[in-house]
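Peer 1: Sharing a structure with you now.
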Amino acid sequence: MKEKKQYYLHTFGCQMNAHDSEKMAGILKGEGYERAGNPEEADLIIYNTCSIRQKAEQKFYSHLGRVNVIKRKRPDIKIVVAGCIAQQEGKNLFNGRPYLDALIGPRNISKLSSLLDSPFPVTALEENNIFESNKIAVERNGRVKALINIMYGCNNYCSYCIVPYTRGREKSRSLNKILSEATALAEDGYKEVTLLGQNVNSYRGECSFPELLKHLDKIPGLERIRFITSHPKDFNDELIDAVTETGKVCEHIHLPLQSGSSRILNLMNRKYTYSEYLDKVNRLCKSIPHLSITTDIITGFPSETSDDHQATVKALKEIEFDGIFAFKYSPRPNTAASAMNTQVDEDIKSERLAEILAVQDVITEAKNKELQGKTVELLIEESGGSVCIGRTRTNKIVTISSYKKPLIEGTVLNAEITRSLKHSLEGSVL
């Protein structure tokens, strides 16, 4: 007989979801649960879902179908759907799925404990219940770097994006709570924090986002600060100056472009043109030497022509991003783009995505090759046996092998890049 109840938590999607899962894990630990290795062993199964793209939804529904088999064998298991699909679909998720026990939206994580004590089926999908992670002990993944929410929700309403409908309108956390959380993490030995928000640039606590970076930069023991995601329309000179002047903010910016066509950007409701985006990138690169820039690209947006697509290809070659996250457009419920009657054929989307990825692979490989023989600063994130994994300030992964003694996780050291690969690097400790 098991002494403690066990839970299995599967996370889909972005780092915002990953951090939401850390919060749920912290709540469950406080309730006496232990993490199970697989769903078959668990008393409670939670799927923390993502609905940003159709593919993410399909993966979730595939898992949900399989867990029904477990439920038939063990009717006492509780199955909970959390995250954006729970918020998007609401009680409709129960239709035809009698094996589901509860739904919990991303703005109601703090209700997880009370949810489990309620008669099933039950939902927690309220609009404005924002969870503050200072209130409980978050069960974090790893001991080197940590995620910190600085804000929730989004006000941008890009025509393709469902986030404002699932995570609500923007709400910034207080400056004191963010600084308190970051200080506690540094005192606990964490070396790096990543600030999370759908659009961190629009943070409005008791200060602006650039001022927040300067406050965090003063915390003793903290080595590195990162942030995602930035919206180009709000990326201003004050933020560029803050990144330049703070020693702990890393030289890596993720700045989603989405398309190289200004016509498509207008249809996406992105509120900038390609030339405006390029001007900001040029200012960034001029102010911050050795800057690494990554981006997001959507291919096959409604009415995208061959010329629009080629504008994106041209943008990749002109800017030379260090890396990209590229996806085929997929219609999302309630969004303006889903109602457009000029949807692009799936085969064309696939062809365009393949070209975009091929173009970027050449650029990424060339940029990595430039680092061969160079000295970089590494933060060791994983250490085991003779192989260690570190990350540069520019967010590149470096494998260190055959070192004479194990490197301690959290160590910051210099290494020489000895070999460059398409998506990673190898190095030796100096």
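Going by the structure tokens order, chains are called A, B, ..., each with residues numbered from 1, while ligands are numbered from 1 in the order shown.
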List as CSV every residue of segment 172-263 of chain A that is in contact with segment 409-430 of chain A, defined as an atom at most 12 Å from one of its atoms (using only C-alpha atoms), together with the nearest atom pair and the distance in Å rounded to one decimal, sorted by chain and then rising number.
Peer 2:
```
residue,atom,partner,partner_atom,distance
A:Ala186,CA,A:Gly410,CA,11.4
A:Asp188,CA,A:Gly410,CA,11.7
A:Gly189,CA,A:Gly410,CA,8.0
A:Tyr190,CA,A:Gly410,CA,7.4
A:Lys191,CA,A:Gly410,CA,6.3
A:Glu192,CA,A:Gly410,CA,8.8
A:Gly221,CA,A:Gly410,CA,11.2
A:Leu222,CA,A:Gly410,CA,10.8
A:Glu223,CA,A:Val412,CA,8.4
A:Arg224,CA,A:Val412,CA,10.1
```
Peer 1: Go ahead and write the selection's residues with N, CA and C atoms as a PDB file, in the first residue's frame.
Peer 2:
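Result file part-v2.pdb:
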```pdb
ATOM      1  N   ALA A 186      18.186  33.802  -5.581  1.00  0.00           N
ATOM      2  CA  ALA A 186      19.640  34.001  -5.539  1.00  0.00           C
ATOM      3  C   ALA A 186      20.223  33.496  -4.225  1.00  0.00           C
ATOM      4  N   ASP A 188      19.071  31.161  -2.516  1.00  0.00           N
ATOM      5  CA  ASP A 188      18.951  29.707  -2.522  1.00  0.00           C
ATOM      6  C   ASP A 188      19.920  29.056  -3.508  1.00  0.00           C
ATOM      7  N   GLY A 189      20.741  29.866  -4.173  1.00  0.00           N
ATOM      8  CA  GLY A 189      21.780  29.312  -5.040  1.00  0.00           C
ATOM      9  C   GLY A 189      21.491  29.347  -6.527  1.00  0.00           C
ATOM     10  N   TYR A 190      20.330  29.861  -6.926  1.00  0.00           N
ATOM     11  CA  TYR A 190      20.031  29.964  -8.356  1.00  0.00           C
ATOM     12  C   TYR A 190      20.890  31.062  -8.977  1.00  0.00           C
ATOM     13  N   LYS A 191      21.416  30.786 -10.158  1.00  0.00           N
ATOM     14  CA  LYS A 191      22.335  31.718 -10.814  1.00  0.00           C
ATOM     15  C   LYS A 191      21.674  32.533 -11.929  1.00  0.00           C
ATOM     16  N   GLU A 192      20.567  32.053 -12.453  1.00  0.00           N
ATOM     17  CA  GLU A 192      19.940  32.720 -13.597  1.00  0.00           C
ATOM     18  C   GLU A 192      18.435  32.765 -13.421  1.00  0.00           C
ATOM     19  N   GLY A 221      24.531  37.657  -5.935  1.00  0.00           N
ATOM     20  CA  GLY A 221      24.470  36.224  -6.178  1.00  0.00           C
ATOM     21  C   GLY A 221      23.856  35.850  -7.505  1.00  0.00           C
ATOM     22  N   LEU A 222      23.044  36.731  -8.057  1.00  0.00           N
ATOM     23  CA  LEU A 222      22.447  36.478  -9.364  1.00  0.00           C
ATOM     24  C   LEU A 222      23.492  36.748 -10.433  1.00  0.00           C
ATOM     25  N   GLU A 223      23.652  35.797 -11.361  1.00  0.00           N
ATOM     26  CA  GLU A 223      24.681  35.924 -12.399  1.00  0.00           C
ATOM     27  C   GLU A 223      24.103  36.378 -13.738  1.00  0.00           C
ATOM     28  N   ARG A 224      22.889  35.905 -14.055  1.00  0.00           N
ATOM     29  CA  ARG A 224      22.335  36.177 -15.382  1.00  0.00           C
ATOM     30  C   ARG A 224      20.844  36.478 -15.304  1.00  0.00           C
TER      31      ARG A 224
END
```
Peer 1: Mind listing the strand (DSSP E) residues of segment 30-253 of chain A, per DSSP on the backbone, as JSON, numbers by chain?
Peer 2: {"A": [34, 35, 44, 45, 46, 47, 48, 49, 78, 79, 80, 81, 82, 83, 102, 103, 104, 122, 123, 124, 145, 146, 147, 148, 149, 151, 152, 171, 172, 192, 193, 194, 195, 196, 224, 225, 226, 227, 228, 252, 253]}
Peer 1: For the selection you just gave me, I'd like the residues written to a file as a PDB file, in the first residue's frame, keeping C-alpha atoms.
Peer 2:
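Heads up, here's the output in again33.pdb:
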```pdb
ATOM      1  CA  GLU A  34       4.770  12.711  -4.789  1.00  0.00           C
ATOM      2  CA  ARG A  35       5.600  12.813  -8.510  1.00  0.00           C
ATOM      3  CA  LEU A  44      -3.921  12.129 -10.107  1.00  0.00           C
ATOM      4  CA  ILE A  45      -3.151  12.937 -13.756  1.00  0.00           C
ATOM      5  CA  ILE A  46      -2.911  16.560 -14.894  1.00  0.00           C
ATOM      6  CA  TYR A  47      -2.463  17.727 -18.472  1.00  0.00           C
ATOM      7  CA  ASN A  48      -1.319  21.354 -18.598  1.00  0.00           C
ATOM      8  CA  THR A  49      -2.366  22.236 -22.122  1.00  0.00           C
ATOM      9  CA  LYS A  78      -8.611  11.674 -11.062  1.00  0.00           C
ATOM     10  CA  ILE A  79      -7.952  13.312 -14.445  1.00  0.00           C
ATOM     11  CA  VAL A  80      -7.581  17.092 -14.635  1.00  0.00           C
ATOM     12  CA  VAL A  81      -7.153  19.274 -17.724  1.00  0.00           C
ATOM     13  CA  ALA A  82      -5.398  22.565 -16.997  1.00  0.00           C
ATOM     14  CA  GLY A  83      -4.115  25.435 -19.085  1.00  0.00           C
ATOM     15  CA  ALA A 102     -11.861  18.683 -13.446  1.00  0.00           C
ATOM     16  CA  LEU A 103     -10.877  21.696 -15.553  1.00  0.00           C
ATOM     17  CA  ILE A 104      -8.657  24.507 -14.317  1.00  0.00           C
ATOM     18  CA  VAL A 122     -15.712  20.554 -11.289  1.00  0.00           C
ATOM     19  CA  THR A 123     -14.265  23.620 -13.027  1.00  0.00           C
ATOM     20  CA  ALA A 124     -12.192  26.687 -12.093  1.00  0.00           C
ATOM     21  CA  LYS A 145      18.005  28.680 -13.397  1.00  0.00           C
ATOM     22  CA  ALA A 146      14.468  29.733 -12.580  1.00  0.00           C
ATOM     23  CA  LEU A 147      11.414  31.205 -14.270  1.00  0.00           C
ATOM     24  CA  ILE A 148       9.682  34.280 -12.822  1.00  0.00           C
ATOM     25  CA  ASN A 149       6.332  35.664 -13.959  1.00  0.00           C
ATOM     26  CA  MET A 151       3.034  39.797 -15.746  1.00  0.00           C
ATOM     27  CA  TYR A 152       0.055  37.824 -17.003  1.00  0.00           C
ATOM     28  CA  LYS A 171      -1.789  42.491 -15.423  1.00  0.00           C
ATOM     29  CA  SER A 172       1.662  43.279 -14.016  1.00  0.00           C
ATOM     30  CA  GLU A 192      19.940  32.720 -13.597  1.00  0.00           C
ATOM     31  CA  VAL A 193      16.377  33.982 -13.836  1.00  0.00           C
ATOM     32  CA  THR A 194      14.170  34.308 -16.905  1.00  0.00           C
ATOM     33  CA  LEU A 195      11.426  36.922 -16.697  1.00  0.00           C
ATOM     34  CA  LEU A 196       8.173  35.756 -18.283  1.00  0.00           C
ATOM     35  CA  ARG A 224      22.335  36.177 -15.382  1.00  0.00           C
ATOM     36  CA  ILE A 225      18.999  37.720 -16.329  1.00  0.00           C
ATOM     37  CA  ARG A 226      16.968  36.782 -19.413  1.00  0.00           C
ATOM     38  CA  PHE A 227      13.484  37.757 -20.561  1.00  0.00           C
ATOM     39  CA  ILE A 228      10.812  36.551 -22.982  1.00  0.00           C
ATOM     40  CA  HIS A 252      20.323  37.479 -26.232  1.00  0.00           C
ATOM     41  CA  ILE A 253      17.048  38.974 -27.409  1.00  0.00           C
TER      42      ILE A 253
END
```
Peer 1: Using only C-alpha atoms, which residue out of A:Cys161, A:Cys154, A:Ile348, A:Ala86 lies closest to Leu125 of chain A?
Peer 2: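 Of all the options, A:Ala86 lies closest to Leu125 of chain A.
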Peer 1: Which residue is closest to Leu267 of chain A? Choose from A:Leu212, A:Ser174, A:Cys158, A:Ser287 and count only C-alpha atoms.
Peer 2: A:Cys158
Peer 1: For the alpha helix (DSSP H) assignment from backbone DSSP, which residues of segment 209-247 of chain A qualify? Please present them as number ranges by chain.
Peer 2: A: 209-217, 237-245
Peer 1: Quick one: residues within 12 Å of segment 304-316 of chain A, only C-alpha atoms, excluding same-chain residues fewer than 5 positions away - as an mmCIF file with C-alpha atoms, in the first residue's frame?
Peer 2:
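Generated output (part_0.cif):
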```cif
data_model
loop_
_atom_site.group_PDB
_atom_site.id
_atom_site.type_symbol
_atom_site.label_atom_id
_atom_site.label_comp_id
_atom_site.auth_asym_id
_atom_site.auth_seq_id
_atom_site.Cartn_x
_atom_site.Cartn_y
_atom_site.Cartn_z
ATOM 1 C CA LEU A 257 9.139 39.065 -36.403
ATOM 2 C CA GLN A 258 6.406 36.665 -37.656
ATOM 3 C CA SER A 259 6.675 37.829 -41.286
ATOM 4 C CA GLY A 260 8.998 39.852 -43.509
ATOM 5 C CA SER A 261 6.024 41.255 -45.408
ATOM 6 C CA SER A 262 4.642 44.546 -44.078
ATOM 7 C CA ARG A 263 1.308 43.742 -45.720
ATOM 8 C CA ILE A 264 1.037 40.496 -43.759
ATOM 9 C CA LEU A 265 2.245 42.188 -40.568
ATOM 10 C CA ASN A 266 -0.621 44.659 -40.940
ATOM 11 C CA LEU A 267 -3.131 41.815 -41.367
ATOM 12 C CA MET A 268 -1.610 40.170 -38.299
ATOM 13 C CA TYR A 274 9.301 45.324 -41.550
ATOM 14 C CA SER A 275 11.433 48.458 -41.990
ATOM 15 C CA TYR A 277 11.548 46.119 -37.130
ATOM 16 C CA LEU A 278 14.822 46.172 -39.086
ATOM 17 C CA VAL A 281 17.468 45.294 -34.889
ATOM 18 C CA ILE A 293 18.848 37.533 -31.828
ATOM 19 C CA THR A 294 16.224 34.825 -32.256
ATOM 20 C CA THR A 295 12.720 35.145 -33.622
ATOM 21 C CA ASP A 296 9.383 33.512 -34.450
ATOM 22 C CA ILE A 297 8.069 33.062 -37.989
ATOM 23 C CA ILE A 298 4.562 32.106 -39.116
ATOM 24 C CA THR A 299 4.273 30.792 -42.648
ATOM 25 C CA PHE A 321 19.068 35.534 -36.882
ATOM 26 C CA ASP A 322 20.979 33.134 -34.668
ATOM 27 C CA GLY A 323 17.943 30.869 -34.612
ATOM 28 C CA ILE A 324 14.232 30.831 -35.358
ATOM 29 C CA ALA A 326 8.985 28.667 -37.409
ATOM 30 C CA LYS A 328 2.683 26.846 -40.185
ATOM 31 C CA TYR A 329 -0.276 29.111 -39.517
ATOM 32 C CA ALA A 337 -7.537 35.566 -38.788
ATOM 33 C CA MET A 340 -10.481 35.398 -43.109
ATOM 34 C CA ASN A 341 -11.687 33.682 -46.300
ATOM 35 C CA THR A 342 -8.228 33.562 -47.881
ATOM 36 C CA GLN A 343 -6.716 30.553 -46.107
ATOM 37 C CA VAL A 344 -3.546 29.141 -47.684
ATOM 38 C CA ASP A 345 -3.403 25.527 -48.852
ATOM 39 C CA ILE A 348 1.852 25.371 -49.813
ATOM 40 C CA LYS A 349 2.305 26.118 -46.102
ATOM 41 C CA GLU A 351 6.624 23.951 -48.783
ATOM 42 C CA ARG A 352 7.157 27.472 -47.517
ATOM 43 C CA LEU A 353 7.991 26.282 -44.005
ATOM 44 C CA ALA A 354 10.561 23.842 -45.413
ATOM 45 C CA GLU A 355 12.243 26.640 -47.381
ATOM 46 C CA ILE A 356 12.325 28.951 -44.377
ATOM 47 C CA LEU A 357 13.896 26.258 -42.183
ATOM 48 C CA ALA A 358 16.455 25.367 -44.864
ATOM 49 C CA VAL A 359 17.495 29.009 -45.282
ATOM 50 C CA GLN A 360 17.839 29.467 -41.527
ATOM 51 C CA ASP A 361 19.825 26.233 -41.090
ATOM 52 C CA VAL A 362 22.551 27.629 -43.361
ATOM 53 C CA ILE A 363 22.639 30.894 -41.395
ATOM 54 C CA THR A 364 22.698 29.191 -37.984
#
```
